[in-house]
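Structure file data-v5.txt (compact mmCIF, C-alpha atoms) follows.
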# COMPACT_ATOMS: atom_id res chain seq x y z
CA MET A 550 0.00 0.00 0.00
CA MET A 551 2.82 2.39 0.89
CA LYS A 552 4.59 1.51 -2.34
CA GLU A 553 1.51 2.29 -4.44
CA LYS A 554 1.08 5.61 -2.61
CA LYS A 555 4.72 6.49 -3.29
CA VAL A 556 4.29 5.71 -7.00
CA GLU A 557 1.15 7.86 -7.15
CA GLU A 558 2.94 10.78 -5.49
CA GLY A 559 5.82 10.39 -7.95
CA LYS A 560 3.40 10.57 -10.89
CA LYS A 561 1.83 13.76 -9.53
CA LEU A 562 5.26 15.34 -9.06
CA TYR A 563 6.32 14.37 -12.58
CA PHE A 564 3.22 15.85 -14.22
CA ALA A 565 3.64 19.01 -12.13
CA LEU A 566 7.23 19.45 -13.34
CA VAL A 567 6.75 18.86 -17.08
CA ASN A 568 4.72 20.48 -19.80
CA LYS A 569 2.30 17.80 -21.02
CA LYS A 570 2.03 19.20 -24.55
CA ALA A 571 5.79 19.52 -24.90
CA GLU A 572 6.31 15.96 -23.62
CA LEU A 573 3.68 14.67 -26.05
CA ALA A 574 5.39 16.48 -28.93
CA GLY A 575 8.72 15.10 -27.75
CA GLY A 576 7.29 11.57 -27.68
CA VAL A 577 6.05 11.94 -31.26
CA LEU A 578 9.47 13.26 -32.34
CA TYR A 579 11.28 10.41 -30.57
CA SER A 580 9.00 7.90 -32.30
CA LEU A 581 9.67 9.42 -35.73
CA LEU A 582 13.42 9.43 -35.12
CA ILE A 583 13.35 5.78 -34.01
CA LEU A 584 11.31 4.74 -37.04
CA SER A 585 13.66 6.60 -39.41
CA TYR A 586 16.80 5.28 -37.67
CA PRO A 587 17.79 2.83 -40.49
CA TRP A 588 17.64 5.53 -43.18
CA ILE A 589 19.47 8.14 -41.08
CA PHE A 590 22.12 5.54 -40.20
CA LYS A 591 22.69 4.56 -43.84
CA ALA A 592 22.81 8.20 -45.02
CA LEU A 593 25.25 9.24 -42.29
CA GLU A 594 27.45 6.20 -42.87
CA ALA A 595 27.54 6.90 -46.62
CA MET A 596 28.32 10.58 -45.99
CA ILE A 597 31.24 9.83 -43.63
CA GLY A 598 32.58 7.08 -45.91
CA TYR A 599 32.34 9.30 -48.99
CA ARG A 600 34.06 12.27 -47.39
CA PHE A 601 36.70 10.64 -45.19
CA GLY A 602 37.08 7.14 -46.59
CA SER A 603 36.37 3.81 -44.95
CA SER A 604 39.83 3.69 -43.33
CA ASN A 605 39.14 6.87 -41.30
CA GLN A 606 35.49 6.12 -40.53
CA ILE A 607 36.21 4.42 -37.18
CA TYR A 608 38.45 7.31 -36.08
CA ILE A 609 35.81 9.92 -37.02
CA CYS A 610 33.11 7.97 -35.14
CA ARG A 611 35.23 7.64 -32.00
CA ILE A 612 36.19 11.32 -31.96
CA SER A 613 32.54 12.28 -32.60
CA PHE A 614 31.44 10.10 -29.67
CA LEU A 615 33.89 11.84 -27.31
CA PHE A 616 32.59 15.25 -28.44
CA LEU A 617 29.02 13.96 -27.96
CA LEU A 618 29.81 13.02 -24.35
CA CYS A 619 31.34 16.45 -23.62
CA GLY A 620 28.47 18.34 -25.24
CA LEU A 621 25.75 16.36 -23.47
CA LEU A 622 27.60 16.67 -20.15
CA ALA A 623 27.66 20.48 -20.50
CA LEU A 624 23.96 20.46 -21.44
CA ALA A 625 23.12 18.17 -18.52
CA ARG A 626 24.94 20.49 -16.13
CA TYR A 627 23.01 23.49 -17.44
CA GLN A 628 19.68 21.64 -17.25
CA ALA A 629 20.46 20.49 -13.70
CA VAL A 630 21.09 24.04 -12.50
CA SER A 631 17.89 25.25 -14.19
CA PHE A 632 15.95 22.35 -12.65
CA LEU A 633 17.28 23.08 -9.16
CA LYS A 634 16.71 26.84 -9.41
CA LYS A 635 13.14 26.34 -10.53
CA ASN A 636 12.02 23.49 -8.28
CA TRP A 637 14.26 23.25 -5.20
CA GLU A 638 11.84 25.05 -2.86
CA SER A 639 8.91 22.84 -3.86
CA LEU A 640 10.97 19.66 -3.65
CA MET A 641 12.33 20.65 -0.24
CA LEU A 642 8.83 21.35 1.14
CA LEU A 643 7.58 18.00 -0.20
CA GLY A 644 10.49 16.17 1.45
CA VAL A 645 11.83 14.65 -1.78
CA SER A 646 14.91 12.50 -1.15
CA GLY A 647 18.15 12.67 -3.11
CA LEU A 648 17.45 9.60 -5.25
CA GLU A 649 13.89 10.75 -5.94
CA GLY A 650 15.24 14.18 -6.93
CA PHE A 651 17.64 12.61 -9.42
CA LEU A 652 14.90 10.40 -10.89
CA LEU A 653 12.63 13.45 -11.27
CA PHE A 654 15.45 15.35 -13.01
CA LEU A 655 16.03 12.38 -15.33
CA SER A 656 12.32 12.04 -16.17
CA ALA A 657 11.98 15.78 -16.79
CA ASN A 658 15.00 15.79 -19.15
CA THR A 659 14.46 12.68 -21.24
CA LYS A 660 16.00 14.40 -24.28
CA LEU A 661 19.48 14.05 -22.75
CA PHE A 662 19.00 10.32 -22.20
CA PHE A 663 17.46 9.86 -25.66
CA LEU A 664 20.20 11.80 -27.48
CA GLN A 665 22.91 9.77 -25.77
CA ILE A 666 21.28 6.45 -26.66
CA TYR A 667 20.29 7.45 -30.20
CA CYS A 668 23.49 9.18 -31.35
CA GLY A 669 25.82 6.94 -29.35
CA THR A 670 24.23 3.76 -30.72
CA MET A 671 24.60 5.07 -34.26
CA LEU A 672 28.28 5.92 -33.75
CA PHE A 673 28.97 2.52 -32.14
CA GLN A 674 27.19 0.63 -34.92
CA MET A 675 29.33 2.37 -37.54
CA GLN A 676 32.33 0.73 -35.89
CA GLY A 677 30.84 -2.73 -36.36
CA ILE A 678 29.43 -3.15 -32.83
CA ARG A 679 26.19 -5.11 -32.50
CA LEU A 680 22.94 -3.15 -32.04
CA GLY A 681 21.92 -4.86 -28.79
CA PHE A 682 25.27 -4.28 -27.11
CA ALA A 683 25.44 -0.69 -28.36
CA LEU A 684 21.97 0.07 -26.94
CA SER A 685 22.77 -1.36 -23.51
CA VAL A 686 26.10 0.47 -23.27
CA GLN A 687 24.57 3.77 -24.35
CA ALA A 688 21.83 3.43 -21.72
CA VAL A 689 24.58 3.19 -19.08
CA TYR A 690 26.39 6.14 -20.66
CA GLY A 691 23.13 8.12 -20.53
CA ILE A 692 22.79 7.51 -16.79
CA CYS A 693 26.46 8.50 -16.31
CA VAL A 694 25.99 11.77 -18.23
CA CYS A 695 22.81 12.75 -16.36
CA ALA A 696 24.29 11.86 -12.96
CA ALA A 697 27.55 13.70 -13.70
CA GLY A 698 25.57 16.73 -14.92
CA MET A 699 23.55 16.66 -11.69
CA LEU A 700 26.79 16.53 -9.67
CA LEU A 701 28.26 19.50 -11.53
CA GLY A 702 24.99 21.39 -11.09
CA LEU A 703 25.01 20.75 -7.34
CA LYS A 704 28.59 22.05 -7.14
CA ALA A 705 28.00 24.99 -9.50
CA HIS A 706 28.84 27.46 -6.75
CA GLY A 707 31.97 25.64 -5.55
CA LYS A 708 35.36 27.33 -5.74
CA ILE A 709 37.14 23.96 -5.92
CA LEU A 710 35.34 23.06 -9.13
CA THR A 711 36.18 26.43 -10.63
CA PHE A 712 39.86 26.02 -9.70
CA LEU A 713 40.06 22.47 -11.09
CA SER A 714 38.36 23.52 -14.33
CA ALA A 715 40.73 26.46 -14.81
CA ALA A 716 43.75 24.25 -13.99
CA ALA A 717 42.63 21.58 -16.47
CA ILE A 718 42.11 24.14 -19.23
CA GLY A 719 45.52 25.67 -18.48
CA CYS A 720 47.29 22.28 -18.60
CA ILE A 721 45.60 21.34 -21.89
CA THR A 722 46.60 24.71 -23.38
CA VAL A 723 50.23 24.26 -22.29
CA PHE A 724 50.45 20.71 -23.64
CA PHE A 725 48.83 21.81 -26.89
CA GLY A 726 51.30 24.70 -27.20
CA ILE A 727 54.40 22.54 -26.70
CA GLY A 728 53.13 19.92 -29.14
CA HIS A 729 52.31 17.10 -26.72
CA ILE A 730 48.70 17.19 -27.91
CA ASN A 731 48.34 17.02 -31.68
CA TYR A 732 46.59 15.03 -34.40
CA GLN A 733 49.09 12.15 -34.34
CA VAL A 734 48.86 11.77 -30.55
CA MET A 735 45.04 11.83 -30.58
CA TYR A 736 44.90 9.33 -33.46
CA LYS A 737 47.32 6.99 -31.68
CA TRP A 738 45.34 7.20 -28.44
CA VAL A 739 41.89 6.80 -29.99
CA MET A 740 42.89 3.97 -32.33
CA GLY A 741 45.38 2.31 -30.00
CA GLU A 742 45.06 -0.87 -27.97
CA SER A 743 45.40 0.81 -24.57
CA ALA A 744 42.28 2.98 -24.31
CA GLY A 745 40.54 3.45 -27.63
CA LYS A 746 39.97 -0.16 -28.54
CA ARG A 747 38.87 -1.12 -25.03
CA LEU A 748 36.34 1.71 -24.80
CA PHE A 749 34.89 1.01 -28.25
CA SER A 750 34.66 -2.77 -28.18
CA GLU A 751 32.20 -5.42 -27.01
CA ASN A 752 34.12 -5.94 -23.79
CA PRO A 753 31.96 -7.10 -20.82
CA CYS A 754 34.57 -5.82 -18.33
CA VAL A 755 34.23 -2.27 -19.69
CA THR A 756 30.44 -2.53 -19.44
CA ALA A 757 30.68 -3.69 -15.82
CA VAL A 758 33.04 -0.80 -14.95
CA LEU A 759 30.67 1.68 -16.63
CA LEU A 760 27.71 0.27 -14.70
CA ILE A 761 29.58 0.59 -11.40
CA LEU A 762 30.59 4.15 -12.34
CA ALA A 763 26.97 5.04 -13.21
CA LEU A 764 25.63 3.69 -9.90
CA SER A 765 28.42 5.49 -8.00
CA LEU A 766 27.62 8.79 -9.70
CA VAL A 767 23.91 8.38 -8.95
CA TRP A 768 24.72 7.64 -5.29
CA LEU A 769 27.04 10.67 -5.06
CA ALA A 770 24.42 12.92 -6.67
CA ALA A 771 21.79 11.68 -4.19
CA CYS A 772 24.12 12.29 -1.22
CA LEU A 773 25.12 15.77 -2.43
CA TYR A 774 21.47 16.63 -3.02
CA GLU A 775 20.70 15.87 0.62
CA SER A 776 23.47 18.19 1.90
CA ALA A 777 23.59 20.83 -0.87
CA ASP A 778 23.25 24.52 -0.12
CA MET A 779 20.26 25.10 -2.40
CA PRO A 780 19.96 28.88 -1.84
CA ARG A 781 23.56 29.33 -3.04
CA ILE A 782 22.89 27.15 -6.09
CA ALA A 783 19.78 29.22 -6.87
CA GLY A 784 21.93 32.35 -6.66
CA SER A 785 24.68 31.00 -8.94
CA TRP A 786 24.65 31.72 -12.64
CA GLY A 787 26.59 31.01 -15.81
CA LEU A 788 26.39 28.18 -18.33
CA PHE A 789 29.41 26.20 -17.18
CA PHE A 790 31.80 26.30 -14.22
CA THR A 791 31.65 29.49 -12.21
CA GLY A 792 31.63 30.34 -8.55
CA ARG A 793 30.44 33.91 -8.96
CA LYS A 794 27.02 35.28 -8.20
CA ALA A 795 24.98 37.44 -10.49
CA GLU A 796 25.38 41.19 -10.29
CA PRO A 797 22.06 42.39 -11.67
CA ASP A 798 22.75 46.09 -11.42
CA LYS A 799 25.98 45.90 -13.44
CA SER A 800 24.96 43.24 -15.96
CA PHE A 801 21.55 44.85 -16.47
CA PHE A 802 22.96 48.17 -17.66
CA ARG A 803 26.09 46.86 -19.41
CA VAL A 804 24.82 47.49 -22.93
CA GLY A 805 27.72 49.36 -24.47
CA ARG A 806 29.61 46.41 -25.89
CA PHE A 807 28.92 43.42 -28.12
CA ARG A 808 27.79 40.31 -26.26
CA LEU A 809 26.43 36.93 -27.40
CA SER A 810 23.67 36.82 -24.79
CA ARG A 811 20.86 36.90 -27.32
CA TYR A 812 22.64 34.28 -29.44
CA PHE A 813 22.72 31.77 -26.58
CA TRP A 814 19.22 32.81 -25.50
CA MET A 815 17.84 31.71 -28.88
CA TYR A 816 19.28 28.22 -28.47
CA ARG A 817 17.13 27.72 -25.38
CA SER A 818 14.18 27.36 -27.77
CA ARG A 819 13.67 23.71 -28.69
CA GLU A 820 12.10 24.70 -31.99
CA PHE A 821 15.11 26.84 -32.97
CA PHE A 822 17.60 24.18 -31.84
CA LEU A 823 15.77 21.47 -33.80
CA TRP A 824 15.69 23.67 -36.91
CA LYS A 825 19.43 24.33 -36.61
CA LEU A 826 20.17 20.64 -36.19
CA CYS A 827 17.99 19.55 -39.13
CA SER A 828 19.30 22.28 -41.45
CA MET A 829 22.89 21.40 -40.52
CA LEU A 830 22.34 17.72 -41.34
CA PHE A 831 20.62 18.59 -44.63
CA LEU A 832 23.45 20.92 -45.68
CA ALA A 833 26.01 18.27 -44.72
CA LEU A 834 24.22 15.75 -46.95
CA VAL A 835 24.19 18.20 -49.86
CA CYS A 836 27.90 18.93 -49.39
CA CYS A 837 28.90 15.27 -49.19
CA LEU A 838 26.60 13.64 -51.73
CA GLY A 839 26.84 16.33 -54.43
CA ASP A 840 29.71 18.05 -56.22
CA SER A 841 27.89 21.19 -57.39
CA SER A 842 29.05 24.38 -55.65
CA PHE A 843 25.96 26.16 -56.95
CA ALA A 844 23.68 23.61 -55.21
CA VAL A 845 25.61 24.12 -51.97
CA PHE A 846 25.23 27.90 -52.24
CA LEU A 847 21.49 27.70 -52.98
CA THR A 848 20.94 25.31 -50.05
CA ALA A 849 22.87 27.56 -47.65
CA TYR A 850 21.06 30.64 -48.96
CA GLY A 851 17.65 29.02 -48.51
CA ILE A 852 18.53 28.01 -44.94
CA CYS A 853 19.57 31.61 -44.21
CA LEU A 854 16.27 32.98 -45.59
CA LEU A 855 14.23 30.67 -43.36
CA THR A 856 16.40 31.32 -40.30
CA ALA A 857 15.93 35.08 -40.77
CA PHE A 858 12.34 34.73 -39.55
CA TYR A 859 13.72 34.07 -36.06
CA PHE A 860 15.07 37.65 -36.00
CA LYS A 861 11.61 38.72 -34.88
CA ASP A 862 12.20 36.86 -31.60
CA ILE A 863 15.41 38.86 -31.06
CA TYR A 864 13.51 42.05 -31.86
CA ASN A 865 10.80 41.19 -29.31
CA LEU A 866 13.51 40.59 -26.71
CA GLU A 867 14.98 44.03 -27.44
CA ARG A 868 11.52 45.62 -27.11
CA LYS A 869 11.44 44.43 -23.49
CA LYS A 870 14.69 46.32 -22.85
CA LEU A 871 13.25 49.68 -23.91
CA LEU A 872 13.66 51.12 -20.40
CA ILE A 873 17.36 50.13 -20.35
CA TYR A 874 18.08 51.78 -23.68
CA PHE A 875 16.00 54.81 -22.73
CA MET A 876 18.11 55.33 -19.58
CA SER A 877 21.50 54.56 -21.16
CA ASP A 878 23.68 56.48 -23.60
CA TYR A 879 24.02 53.53 -25.99
CA PRO A 880 24.15 55.12 -29.50
CA TYR A 881 22.50 53.55 -32.53
CA ARG A 882 25.80 53.51 -34.44
CA LYS A 883 27.05 50.97 -31.86
CA PHE A 884 23.76 49.19 -31.20
CA PHE A 885 22.96 48.31 -34.82
CA PRO A 886 26.39 46.75 -35.62
CA ASP A 887 26.04 44.64 -32.45
CA VAL A 888 22.65 43.37 -33.58
CA VAL A 889 24.05 42.60 -37.04
CA LYS A 890 26.96 40.63 -35.52
CA GLU A 891 24.59 38.54 -33.44
CA GLY A 892 22.33 38.08 -36.45
CA THR A 893 25.29 36.91 -38.52
CA CYS A 894 26.17 34.35 -35.84
CA LEU A 895 22.56 33.12 -35.71
CA LEU A 896 22.33 32.78 -39.49
CA GLY A 897 25.70 31.31 -40.29
CA ASP A 898 27.04 29.35 -37.32
CA GLN A 899 26.09 25.86 -38.54
CA ILE A 900 26.55 26.82 -42.20
CA PHE A 901 30.13 28.04 -41.74
CA LEU A 902 30.94 24.97 -39.64
CA ILE A 903 29.68 22.53 -42.30
CA LEU A 904 31.39 24.40 -45.14
CA VAL A 905 34.73 24.45 -43.31
CA LEU A 906 34.50 20.74 -42.46
CA PHE A 907 33.22 19.40 -45.78
CA ARG A 908 33.71 21.88 -48.64
CA LEU A 909 36.76 24.06 -48.04
CA ARG A 910 39.13 22.01 -50.20
CA ASN A 911 40.01 24.08 -53.30
CA PHE A 912 39.75 27.55 -54.86
CA THR A 913 36.15 27.02 -56.06
CA ASP A 914 35.07 26.08 -52.55
CA CYS A 915 36.72 29.24 -51.19
CA ILE A 916 34.77 31.35 -53.68
CA THR A 917 31.54 29.59 -52.63
CA PHE A 918 32.40 30.28 -48.99
CA LEU A 919 32.89 33.99 -49.73
CA PHE A 920 29.53 34.18 -51.57
CA VAL A 921 27.76 32.46 -48.66
CA THR A 922 29.42 34.87 -46.20
CA ALA A 923 28.26 37.84 -48.29
CA ALA A 924 24.72 36.44 -48.39
CA VAL A 925 24.64 35.92 -44.62
CA LEU A 926 25.85 39.47 -43.96
CA SER A 927 23.36 40.95 -46.46
CA ILE A 928 20.39 39.16 -44.90
CA ALA A 929 21.47 40.04 -41.35
CA ILE A 930 21.91 43.73 -42.20
CA PHE A 931 18.79 44.06 -44.33
CA VAL A 932 16.30 42.25 -42.08
CA ASN A 933 17.55 43.87 -38.87
CA ALA A 934 17.47 47.32 -40.49
CA SER A 935 13.85 46.78 -41.51
CA LEU A 936 12.85 45.59 -38.02
CA PHE A 937 14.61 48.28 -35.99
CA ALA A 938 13.47 51.06 -38.32
CA LYS A 939 10.16 50.85 -36.40
CA TYR A 940 11.59 50.27 -32.92
CA PRO A 941 9.95 49.94 -30.40
CA ARG A 942 6.67 49.20 -32.22
CA ARG A 943 5.45 45.60 -32.53
CA GLN A 944 6.58 43.73 -35.64
CA TYR A 945 5.16 40.64 -37.33
CA GLN A 946 6.47 37.84 -39.53
CA ILE A 947 4.91 39.51 -42.57
CA GLY A 948 7.36 42.38 -42.03
CA VAL A 949 10.31 39.97 -42.21
CA CYS A 950 8.82 38.40 -45.35
CA SER A 951 8.41 41.85 -46.93
CA ALA A 952 12.03 42.74 -46.09
CA LEU A 953 13.30 39.53 -47.69
CA ILE A 954 11.33 40.27 -50.86
CA LYS A 955 12.72 43.82 -51.01
CA LEU A 956 16.23 42.44 -50.52
CA HIS A 957 16.01 40.84 -53.97
CA LEU A 958 15.05 44.07 -55.77
CA PRO A 959 18.15 45.38 -57.60
CA VAL A 960 19.07 49.01 -56.81
CA GLY A 961 15.81 49.42 -54.89
CA ASN A 962 17.16 47.35 -52.03
CA LEU A 963 19.94 49.91 -51.43
CA PHE A 964 17.34 52.69 -51.27
CA PHE A 965 15.25 50.76 -48.74
CA LEU A 966 18.32 49.97 -46.62
CA TYR A 967 19.46 53.60 -46.52
CA GLN A 968 15.96 54.76 -45.61
CA TRP A 969 15.57 52.16 -42.84
CA ILE A 970 18.94 52.97 -41.25
CA LEU A 971 18.12 56.69 -41.17
CA GLN A 972 14.66 56.02 -39.73
CA GLY A 973 16.05 53.64 -37.11
CA LYS A 974 18.67 56.18 -36.03
CA LYS A 975 16.00 58.88 -35.76
CA ASN A 976 13.69 56.70 -33.66
CA TRP A 977 16.57 55.63 -31.41
CA GLU A 978 17.60 59.21 -30.71
CA HIS A 979 14.00 60.14 -29.77
CA LEU A 980 13.02 57.14 -27.65
CA SER A 981 10.22 57.70 -25.19
CA TYR A 982 9.15 55.48 -22.32
CA GLU A 983 5.66 55.47 -20.84
CA TYR A 984 4.70 53.28 -17.90
CA ARG A 985 1.53 51.29 -18.43
CA SER A 986 0.07 49.35 -15.49

What is this file in structure tokens?
Amino acid sequence: MMKEKKVEEGKKLYFALVNKKAELAGGVLYSLLILSYPWIFKALEAMIGYRFGSSNQIYICRISFLFLLCGLLALARYQAVSFLKKNWESLMLLGVSGLEGFLLFLSANTKLFFLQIYCGTMLFQMQGIRLGFALSVQAVYGICVCAAGMLLGLKAHGKILTFLSAAAIGCITVFFGIGHINYQVMYKWVMGESAGKRLFSENPCVTAVLLILALSLVWLAACLYESADMPRIAGSWGLFFTGRKAEPDKSFFRVGRFRLSRYFWMYRSREFFLWKLCSMLFLALVCCLGDSSFAVFLTAYGICLLTAFYFKDIYNLERKKLLIYFMSDYPYRKFFPDVVKEGTCLLGDQIFLILVLFRLRNFTDCITFLFVTAAVLSIAIFVNASLFAKYPRRQYQIGVCSALIKLHLPVGNLFFLYQWILQGKKNWEHLSYEYRS
């Protein structure tokens, strides 16, 4: 009876922590990805084999898996801090134990677990490892990543963690500078018998060690949760390892220099992140499976045009900061270039990465890269100029669509751009703020 009551309370807590519609949409997406797994696997395997050759395929998969672990660990740490900041008071009042807290965090962040299993299984299978073994190992890796992320989140305010992180980065930089870390060393380590082959093989001893590590990390996370200083964690900030606390007065009014805050803010949107991921994979397929530079340019250009519609979200964020800009001496000649820089990053981050990795091989590819860069800059300047010409009035997606159409009018587009920049500067210099209750 007590067990059934505990399960019922756990269900209520879970449904209180998650968005039902978002979880339903996530379940549908997971199902579609699982059903399309064979086709995605074959396409990715063909792409890697075509670009790098079958002899380097295992090395690329192993390096990619290590990067996957690091990326998901950083994401798990960020999600853990957000989870604790948002829910620690409620969980404390309900008397949730450390293990229950970890299980709630895991159930509320199933995307971390799913990404580890899905991507890790694919990378293991490309090395000739059986599907069943790959799935079981990746499930253990998923628990390790979530537990380690929870641990880092619980120690987000710790000075020891900050010191160790800085020391590790310093040592890696020194070794890289003196040549002890290079391509040959990494290749020898990843492909060697000592570590690489043992980690990426169907070895039951490695699986047992990973399982013990996962259970140990879960136990440590549960113990730290019981004794953690939750108010200090709620007061900590930053994406990765930092022991500082937020300084709202200084950071709130520090608007006179270029920052990537809005760039990272956009990636908090699942819709935007999914679009970036899908567009990156599609561009990678076009780059690897086709030889036409014109097709690559058209694909990149089309992705930029569609991504430009997200500029309205940045504009709406800036509308909320009207009071800050009204009280500061931030001139338009500095503000607009900052917005364009962030817009360029938002448009071209995944495009530049794919082009550098897959297409920057000869003079023709360099010319294509320059044309894509010019297109990204043009769209960022033109769309932002059209939006901020009416600042701080509300804008709609039809305005972005109209700006993109005007961008393709020869000669006329220069006239529109000049007019919008002048109008934006005039509005910025005569900002007015009225309080509405």

Open item on the list: Here's a test: counting only C-alpha atoms, identify every protein, DNA and RNA residue with an atom at most 10 Å from (16.5, 52.0, -32.0) in the file's coordinate frame, and state them as a PyMOL selection string.
Closed with: chain A and resi 867-868+871+874-875+879-882+884-885+934+936-941+970+972-980

- [ ] Work out how far apart CA of Leu971 in chain A and CA of Ala929 in chain A are and give it in Å to one decimal.
- [x]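 These two atoms are separated by 17.0 Å.
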
Open item on the list: When you look at Gly948 in chain A with a cut-off of 10 Å (counting all atoms listed in the file), what residues show up, excluding the ones that are within fewer than 6 positions of it in the same chain? I need them as a VMD selection string.
Closed with: chain A and resid 858 861 932 935 to 936 954

- [ ] Return the single residue from A:Phe920, A:Tyr627, A:Phe907, A:Phe931 that is closest to Leu701 in chain A, with distances computed using only C-alpha atoms.
- [x] A:Tyr627

TODO: Could you check how far CA of Phe843 in chain A sits from CA of Val905 in chain A, in Å to one decimal?
DONE: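 One can read the CA of Phe843 in chain A to CA of Val905 in chain A distance as 16.3 Å.
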
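Candidate residues A:Val694, A:Ala923, A:Met596, A:Val686 were compared for distance to Ala757 in chain A, and the nearest is A:Val686, using only C-alpha atoms.
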
Task: Given all atoms listed in the file as the counted atoms, nearest of A:Ala574, A:Ile666, A:Leu764, A:Val888 to Phe614 in chain A - done: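 Using all atoms listed in the file, Phe614 in chain A sits closest to A:Ile666.
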
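Interatomic distance, CA of Lys955 in chain A to CA of Tyr864 in chain A: 19.2 Å.
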
TODO: Identify which of the residues A:Leu854, A:Leu593, A:Lys870, A:Leu581 lies closest to Phe831 in chain A, counting only C-alpha atoms when measuring atom-to-atom distances.
DONE: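 Among the listed residues, A:Leu593 lies closest to Phe831 in chain A.
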
Open item on the list: I'd like to know which of A:Ile761, A:Leu633, A:Val755, A:Val921 is closest to Leu700 in chain A, using only C-alpha atoms.
Closed with: A:Leu633

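When the distance limit is 8 Å and only C-alpha atoms are what count, the residues near range 675-683 of chain A, minus those fewer than 6 positions from it on the same chain, are Glu594, Gln606, Ile607, Cys610, Gly669, Ser750 and Glu751 of chain A.
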
TODO: Kindly indicate which residue among A:Ala571, A:Leu958, A:Met815, A:Leu823 lies nearest to Leu895 in chain A, using only C-alpha atoms for the distances.
DONE: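 Looking only at the distances to Leu895 in chain A, the closest residue turns out to be A:Met815.
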